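Asks: Quick one: structure below, then a few questions.
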Amino acid sequence: MATTVVSKVVSPVQATLLQRFLAARQATEEACRTLTAEDQMVQSCSEASPTKWHQAHTSWFFETFVLAKFLRGYQPFHPDFHWLFNSYYRSLGNEIPEKKLRASFSRPSLETIVAFRAHVNRHVEELLQQDNVPDDALRRIVLGIQHEQQHLELLLTDIKHAFFTNPLHPIYREAQVAADAEPTPSRWIEFEGGVQEIGYPLNTADPLDFCFDNETPQHRVYLQPYALENRLVTCGEYLAFMNDNAYTRAELWLSEGLDTIEQEHWEAPLYWQRCTDDSTGWRIFTMGGWRGLSTMLATPVCHVSLFEADAYARWRGCRLPTEAEWEHAASEAAMESTGLLEQGGLHPLAATSDGLTQMLGYAWEWTASAYTGYPGYAPLPGALGEYNGKFMSSQMVLRGGSVATPTSHIRTAYRNFFTPGTRWQFSGIRLARAFSHNE
């Protein structure tokens, strides 16, 4: 669905914001272009949501938090959508359908959801073509764009899992996966540590400057000298871990991790499957279909849980980085971001540099840091305060983005978070260790 931008735009800020809004909305629609209506109803695991629901919920966000408040005379598209596509904002009402029931929404139809999106697009355009749109409205549209991009990434990871669980294993899109025989050699990049600042330095005077509330306030931390491995752990390196009977060795695992792998019968990352037609005995499901592991040994291992990442680090005699170490290292390095969504690979490629690489894009990197608020953290006022703060319990921080993350959505201060058993996201491993001048 293409949207035509009319010529009247009253300020450069509003013109820029309208372009960003339309680009984010069109990116979601392009991601759905090859999917059937039946594809868009599937909810294949507890973490996932149907594609149709993602499209409706992101429109609900703009309608609820922007249009209903700031566009005079706005009429909601449908009165039931206010509660039907609410995800978890209980301060807006307790009538929220259970997440596990989202796949039962045969109605409203996909055509109705597409019409809902067009309705919201037209009215956001109308708002941005008015004079003197309040800064609060502009900031909420910026937040809505970032929310749309988050759901675009979730939509892609959810479709991957849906196609994996389909016995026909359909291909979403042909995806480039480099068949390098040998990975770039790993080496340790050392950092002196000391007092460092982390967190995003938000410019509150600029309505287009953005970070999520959980990235603030910027604050000082003290880091002991440390070292990070220059690249992500590869599939070949992880295969060696598996071949050393690591999934049966209790000494490598956190207690809850050991319980999880025994209960779930894990013996490999998600999307790895035993086979007889590859020399390694394994194949991997990608957005482009099945690939023999022997062709992917140099690519980063992904779709691992925090438990698996931690166990691998122990096996190597290392540890996972803290989020402060990760952010400090990322801010010190010249960051290339060739692994993000716009590059089109939809599977992380092998490293090509022996410097600190694969920090942005490729795979989300588990850290050893629990997801809590920074010193002085304050959630946004009102219902938007439920966006991040209410999840600061029993979750771990991931950093860096993935091949499904839009380029304009990621930054070194970005904090993602999941429970430690989560594997359906593009989540990988980077190792850390202490660094001493005496070594």
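Going by the structure tokens order, chains are called A, B, ..., each with residues numbered from 1, while ligands are numbered from 1 in the order shown.
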Taking a cut-off of 10 Å and counting only C-alpha atoms, can you build a table that, for each residue of segment 21-56 of chain A near segment 109-112 of chain A, reports the nearest atom pair and how far apart they are in Å (one decimal), sorted by chain then residue number, as CSV?

Replies:
```
residue,atom,partner,partner_atom,distance
A:Thr36,CA,A:Leu110,CA,9.6
A:Ala37,CA,A:Leu110,CA,6.4
A:Glu38,CA,A:Leu110,CA,9.4
A:Gln40,CA,A:Leu110,CA,8.2
A:Met41,CA,A:Leu110,CA,9.0
A:Thr51,CA,A:Leu110,CA,9.8
A:Lys52,CA,A:Leu110,CA,6.5
A:Trp53,CA,A:Leu110,CA,9.4
A:Gln55,CA,A:Leu110,CA,9.4
A:Ala56,CA,A:Leu110,CA,9.3
```

Asks: Apply DSSP to the backbone of this structure and, from segment 136-302 of chain A, keep only the residues in alpha helix (DSSP H); write these as JSON, numbers by chain.

Replies: {"A": [136, 137, 138, 139, 140, 141, 142, 143, 144, 145, 146, 147, 148, 149, 150, 151, 152, 153, 154, 155, 156, 157, 158, 159, 160, 161, 162, 163, 164, 165, 235, 236, 237, 238, 239, 240, 241, 242, 243, 255, 256, 257, 258, 259, 260, 261, 262, 263, 264]}

Asks: So that I can check the surroundings of Leu232 of chain A, please list as a PyMOL selection string every protein, DNA and RNA residue that reaches within 7 Å of it, counting only C-alpha atoms and ignoring chain neighbours fewer than 4 positions away.

Replies: chain A and resi 300+358+429-430

Asks: Write the residues of the preceding selection, restricted to all heavy atoms, as a tab-separated table (two decimals), in the first residue's frame.

Replies:
```tsv
chain	number	residue	atom	x	y	z
A	300	PRO	N	28.21	-16.56	12.35
A	300	PRO	CA	27.92	-16.55	13.79
A	300	PRO	C	26.82	-17.53	14.18
A	300	PRO	O	25.80	-17.64	13.48
A	300	PRO	CB	27.47	-15.11	14.05
A	300	PRO	CG	28.06	-14.31	12.93
A	300	PRO	CD	28.04	-15.23	11.75
A	358	GLN	N	31.30	-6.89	13.95
A	358	GLN	CA	30.00	-7.52	14.16
A	358	GLN	C	29.31	-7.01	15.43
A	358	GLN	O	28.48	-7.70	16.01
A	358	GLN	CB	30.14	-9.06	14.23
A	358	GLN	CG	30.69	-9.66	12.95
A	358	GLN	CD	30.83	-11.16	13.03
A	358	GLN	OE1	31.30	-11.70	14.04
A	358	GLN	NE2	30.43	-11.86	11.98
A	429	ILE	N	26.62	-14.88	20.61
A	429	ILE	CA	27.57	-14.92	21.72
A	429	ILE	C	28.83	-14.14	21.35
A	429	ILE	O	29.42	-14.36	20.28
A	429	ILE	CB	28.00	-16.37	22.06
A	429	ILE	CG1	26.79	-17.29	22.21
A	429	ILE	CG2	28.87	-16.39	23.31
A	429	ILE	CD1	27.16	-18.77	22.29
A	430	ARG	N	29.23	-13.25	22.24
A	430	ARG	CA	30.56	-12.65	22.20
A	430	ARG	C	31.21	-12.89	23.56
A	430	ARG	O	30.58	-12.70	24.60
A	430	ARG	CB	30.52	-11.16	21.91
A	430	ARG	CG	31.94	-10.56	21.70
A	430	ARG	CD	31.89	-9.05	21.48
A	430	ARG	NE	31.09	-8.72	20.32
A	430	ARG	CZ	31.59	-8.65	19.07
A	430	ARG	NH1	32.87	-8.90	18.83
A	430	ARG	NH2	30.80	-8.32	18.06
```

Asks: I'd like to know which of A:Tyr387, A:Gly193, A:Phe163, A:Pro225 is closest to Gly288 of chain A, using only C-alpha atoms.

Replies: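 Between A:Tyr387, A:Gly193, A:Phe163, A:Pro225, the residue approaching Gly288 of chain A most closely is A:Phe163.
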
Asks: So which residues touch Phe77 of chain A within 12 Å, counting only C-alpha atoms, skipping near sequence neighbours fewer than 4 positions away, as a ChimeraX atom specification?

Replies: /A:56,59-60,62-64,67-68,81-82,112-123

Asks: Next, the residues of the selection above should be written as a PDB file, in the first residue's frame with N, CA, C and O atoms.

Replies:
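Generated file (result.pdb):
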```
ATOM      1  N   ALA A  56      -1.742  -4.601  13.003  1.00  0.00           N
ATOM      2  CA  ALA A  56      -2.837  -3.900  13.665  1.00  0.00           C
ATOM      3  C   ALA A  56      -2.363  -3.197  14.929  1.00  0.00           C
ATOM      4  O   ALA A  56      -2.741  -2.048  15.197  1.00  0.00           O
ATOM      5  N   SER A  59      -0.586   0.073  14.427  1.00  0.00           N
ATOM      6  CA  SER A  59      -1.552   1.110  14.053  1.00  0.00           C
ATOM      7  C   SER A  59      -2.335   1.557  15.282  1.00  0.00           C
ATOM      8  O   SER A  59      -2.609   2.761  15.455  1.00  0.00           O
ATOM      9  N   TRP A  60      -2.703   0.604  16.120  1.00  0.00           N
ATOM     10  CA  TRP A  60      -3.365   0.923  17.398  1.00  0.00           C
ATOM     11  C   TRP A  60      -2.516   1.890  18.223  1.00  0.00           C
ATOM     12  O   TRP A  60      -3.053   2.816  18.844  1.00  0.00           O
ATOM     13  N   PHE A  62      -0.367   4.241  17.258  1.00  0.00           N
ATOM     14  CA  PHE A  62      -0.499   5.614  16.754  1.00  0.00           C
ATOM     15  C   PHE A  62      -1.897   6.167  17.036  1.00  0.00           C
ATOM     16  O   PHE A  62      -2.044   7.345  17.400  1.00  0.00           O
ATOM     17  N   GLU A  63      -2.919   5.353  16.855  1.00  0.00           N
ATOM     18  CA  GLU A  63      -4.276   5.825  17.088  1.00  0.00           C
ATOM     19  C   GLU A  63      -4.476   6.190  18.554  1.00  0.00           C
ATOM     20  O   GLU A  63      -5.058   7.241  18.879  1.00  0.00           O
ATOM     21  N   THR A  64      -3.971   5.337  19.459  1.00  0.00           N
ATOM     22  CA  THR A  64      -4.224   5.514  20.888  1.00  0.00           C
ATOM     23  C   THR A  64      -3.402   6.636  21.496  1.00  0.00           C
ATOM     24  O   THR A  64      -3.926   7.471  22.257  1.00  0.00           O
ATOM     25  N   LEU A  67      -3.181  10.068  17.739  1.00  0.00           N
ATOM     26  CA  LEU A  67      -4.336  10.649  17.058  1.00  0.00           C
ATOM     27  C   LEU A  67      -5.472  10.978  18.025  1.00  0.00           C
ATOM     28  O   LEU A  67      -6.078  12.053  17.944  1.00  0.00           O
ATOM     29  N   ALA A  68      -5.781  10.067  18.941  1.00  0.00           N
ATOM     30  CA  ALA A  68      -6.897  10.309  19.857  1.00  0.00           C
ATOM     31  C   ALA A  68      -6.641  11.510  20.757  1.00  0.00           C
ATOM     32  O   ALA A  68      -7.590  12.165  21.211  1.00  0.00           O
ATOM     33  N   PHE A  81     -11.345  -1.892  18.384  1.00  0.00           N
ATOM     34  CA  PHE A  81      -9.895  -2.013  18.217  1.00  0.00           C
ATOM     35  C   PHE A  81      -9.139  -1.439  19.404  1.00  0.00           C
ATOM     36  O   PHE A  81      -7.982  -1.806  19.637  1.00  0.00           O
ATOM     37  N   HIS A  82      -9.754  -0.563  20.173  1.00  0.00           N
ATOM     38  CA  HIS A  82      -9.080   0.045  21.322  1.00  0.00           C
ATOM     39  C   HIS A  82      -8.630  -1.015  22.325  1.00  0.00           C
ATOM     40  O   HIS A  82      -7.550  -0.900  22.907  1.00  0.00           O
ATOM     41  N   THR A 112      -9.347  -5.769   6.385  1.00  0.00           N
ATOM     42  CA  THR A 112      -9.749  -4.748   7.346  1.00  0.00           C
ATOM     43  C   THR A 112      -8.535  -4.153   8.047  1.00  0.00           C
ATOM     44  O   THR A 112      -8.465  -2.936   8.277  1.00  0.00           O
ATOM     45  N   ILE A 113      -7.562  -4.986   8.369  1.00  0.00           N
ATOM     46  CA  ILE A 113      -6.342  -4.494   9.015  1.00  0.00           C
ATOM     47  C   ILE A 113      -5.580  -3.570   8.071  1.00  0.00           C
ATOM     48  O   ILE A 113      -5.066  -2.520   8.477  1.00  0.00           O
ATOM     49  N   VAL A 114      -5.512  -3.932   6.790  1.00  0.00           N
ATOM     50  CA  VAL A 114      -4.858  -3.067   5.803  1.00  0.00           C
ATOM     51  C   VAL A 114      -5.584  -1.729   5.718  1.00  0.00           C
ATOM     52  O   VAL A 114      -4.957  -0.657   5.643  1.00  0.00           O
ATOM     53  N   ALA A 115      -6.901  -1.753   5.756  1.00  0.00           N
ATOM     54  CA  ALA A 115      -7.674  -0.508   5.731  1.00  0.00           C
ATOM     55  C   ALA A 115      -7.435   0.313   7.000  1.00  0.00           C
ATOM     56  O   ALA A 115      -7.379   1.553   6.952  1.00  0.00           O
ATOM     57  N   PHE A 116      -7.308  -0.351   8.141  1.00  0.00           N
ATOM     58  CA  PHE A 116      -6.990   0.323   9.403  1.00  0.00           C
ATOM     59  C   PHE A 116      -5.653   1.037   9.302  1.00  0.00           C
ATOM     60  O   PHE A 116      -5.511   2.206   9.701  1.00  0.00           O
ATOM     61  N   ARG A 117      -4.658   0.370   8.741  1.00  0.00           N
ATOM     62  CA  ARG A 117      -3.349   0.997   8.576  1.00  0.00           C
ATOM     63  C   ARG A 117      -3.446   2.233   7.678  1.00  0.00           C
ATOM     64  O   ARG A 117      -2.860   3.279   7.974  1.00  0.00           O
ATOM     65  N   ALA A 118      -4.181   2.132   6.581  1.00  0.00           N
ATOM     66  CA  ALA A 118      -4.325   3.275   5.676  1.00  0.00           C
ATOM     67  C   ALA A 118      -5.039   4.430   6.366  1.00  0.00           C
ATOM     68  O   ALA A 118      -4.667   5.601   6.194  1.00  0.00           O
ATOM     69  N   HIS A 119      -6.026   4.122   7.162  1.00  0.00           N
ATOM     70  CA  HIS A 119      -6.762   5.132   7.926  1.00  0.00           C
ATOM     71  C   HIS A 119      -5.826   5.879   8.874  1.00  0.00           C
ATOM     72  O   HIS A 119      -5.823   7.119   8.927  1.00  0.00           O
ATOM     73  N   VAL A 120      -5.023   5.140   9.606  1.00  0.00           N
ATOM     74  CA  VAL A 120      -4.085   5.755  10.543  1.00  0.00           C
ATOM     75  C   VAL A 120      -3.041   6.578   9.785  1.00  0.00           C
ATOM     76  O   VAL A 120      -2.706   7.704  10.184  1.00  0.00           O
ATOM     77  N   ASN A 121      -2.530   6.057   8.686  1.00  0.00           N
ATOM     78  CA  ASN A 121      -1.543   6.804   7.898  1.00  0.00           C
ATOM     79  C   ASN A 121      -2.088   8.151   7.450  1.00  0.00           C
ATOM     80  O   ASN A 121      -1.413   9.188   7.548  1.00  0.00           O
ATOM     81  N   ARG A 122      -3.305   8.154   6.910  1.00  0.00           N
ATOM     82  CA  ARG A 122      -3.898   9.404   6.422  1.00  0.00           C
ATOM     83  C   ARG A 122      -4.017  10.440   7.532  1.00  0.00           C
ATOM     84  O   ARG A 122      -3.736  11.621   7.334  1.00  0.00           O
ATOM     85  N   HIS A 123      -4.398   9.984   8.707  1.00  0.00           N
ATOM     86  CA  HIS A 123      -4.643  10.936   9.778  1.00  0.00           C
ATOM     87  C   HIS A 123      -3.353  11.394  10.453  1.00  0.00           C
ATOM     88  O   HIS A 123      -3.286  12.530  10.932  1.00  0.00           O
TER      89      HIS A 123
END
```

Asks: Tell me which of A:Asp39, A:Asn230, A:Asp310, A:His169 sits closest to Glu256 of chain A, counting only C-alpha atoms.

Replies: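 Answer, going by the shortest atom-to-atom distance: A:Asp310.
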
Asks: Might you pull out every residue within 9 Å of Pro321 of chain A, with only C-alpha atoms counted and same-chain residues fewer than 6 positions away left off, and present them as a list in words?

Replies: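 The filter keeps Tyr226, Ala227, Leu228, Trp366, Thr367, Ala368, Ser369, Arg430, Leu431, Ala432 and Arg433 of chain A.
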
Asks: What does the distance from atom CA of Gly344 of chain A to atom CA of Ile410 of chain A come to in Å, to one decimal?

Replies: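 A separation of 16.0 Å between them.
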
Asks: Let me make sure I understand: among A:Gln224, A:Asn94, A:Thr276, A:Gln130, which one has the smallest atom-to-atom distance to Gly194 of chain A if we use only C-alpha atoms?

Replies: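 Among A:Gln224, A:Asn94, A:Thr276, A:Gln130, it is A:Gln224 that comes nearest to Gly194 of chain A.
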
Asks: Atom CA of Phe210 of chain A to atom CA of Thr407 of chain A: how many Å, to one decimal?

Replies: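 These atoms are spaced 14.2 Å apart.
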
Asks: For Val301 of chain A, which residue among A:Leu258, A:Cys275, A:Ala351, A:Ala137 is the nearest when counting only C-alpha atoms?

Replies: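 When distances to Val301 of chain A are compared using only C-alpha atoms, the smallest one comes from A:Ala351.
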
Asks: By how many Å are atom CA of Ile145 of chain A and atom CA of His54 of chain A apart?

Replies: 13.4 Å

Asks: With distances taken over only C-alpha atoms, which of A:Ala31, A:Ala24, A:Ala313, A:Leu349 is nearest to Leu143 of chain A?

Replies: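 Closest candidate: A:Ala24.
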
Asks: Just the residues within 12 Å of Glu192 of chain A, please, counting only C-alpha atoms, with nothing from its chain fewer than 3 positions along; format it as a short mmCIF file (atom, residue, chain, number, x, y, z; two decimals) with C-alpha atoms, in the first residue's frame.

Replies:
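Everything below was put into out-v5.cif:
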```cif
data_model
loop_
_atom_site.label_atom_id
_atom_site.label_comp_id
_atom_site.auth_asym_id
_atom_site.auth_seq_id
_atom_site.Cartn_x
_atom_site.Cartn_y
_atom_site.Cartn_z
CA ILE A 189 40.72 -6.61 21.94
CA VAL A 195 35.51 5.53 34.86
CA GLN A 196 33.28 5.61 31.78
CA TYR A 222 33.80 1.99 36.80
CA LEU A 223 35.16 -0.80 34.61
CA GLN A 224 38.03 -3.06 35.53
CA PRO A 225 40.41 -3.69 32.59
CA TYR A 226 38.76 -6.20 30.26
CA ALA A 227 39.01 -7.76 26.82
CA LEU A 228 36.40 -8.73 24.24
CA GLU A 325 31.71 -3.27 28.92
CA HIS A 328 32.09 1.15 26.22
CA ALA A 329 33.81 -1.08 23.65
CA GLU A 332 35.40 3.26 21.37
CA ALA A 434 39.64 -9.89 32.40
CA PHE A 435 42.67 -8.08 31.01
CA SER A 436 45.80 -7.66 33.06
CA HIS A 437 48.99 -5.84 32.09
#
```

Asks: Can you check which residues of segment 201-417 of chain A DSSP gives as strand (DSSP E) on the backbone and send them as a PyMOL selection string?

Replies: chain A and resi 219-223+226-229+272-274+282-286+289-292+364-370+396-399+416-417

Asks: At a cut-off of 10 Å, using only C-alpha atoms, what residues contact Gly281 of chain A? Leave out same-chain residues fewer than 5 positions from it and give the result as a list in words.

Replies: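 Counting only the stated atoms, we get Gln273, Arg274, Cys275, Thr276, Gly292, Leu293 and Ser294 of chain A.
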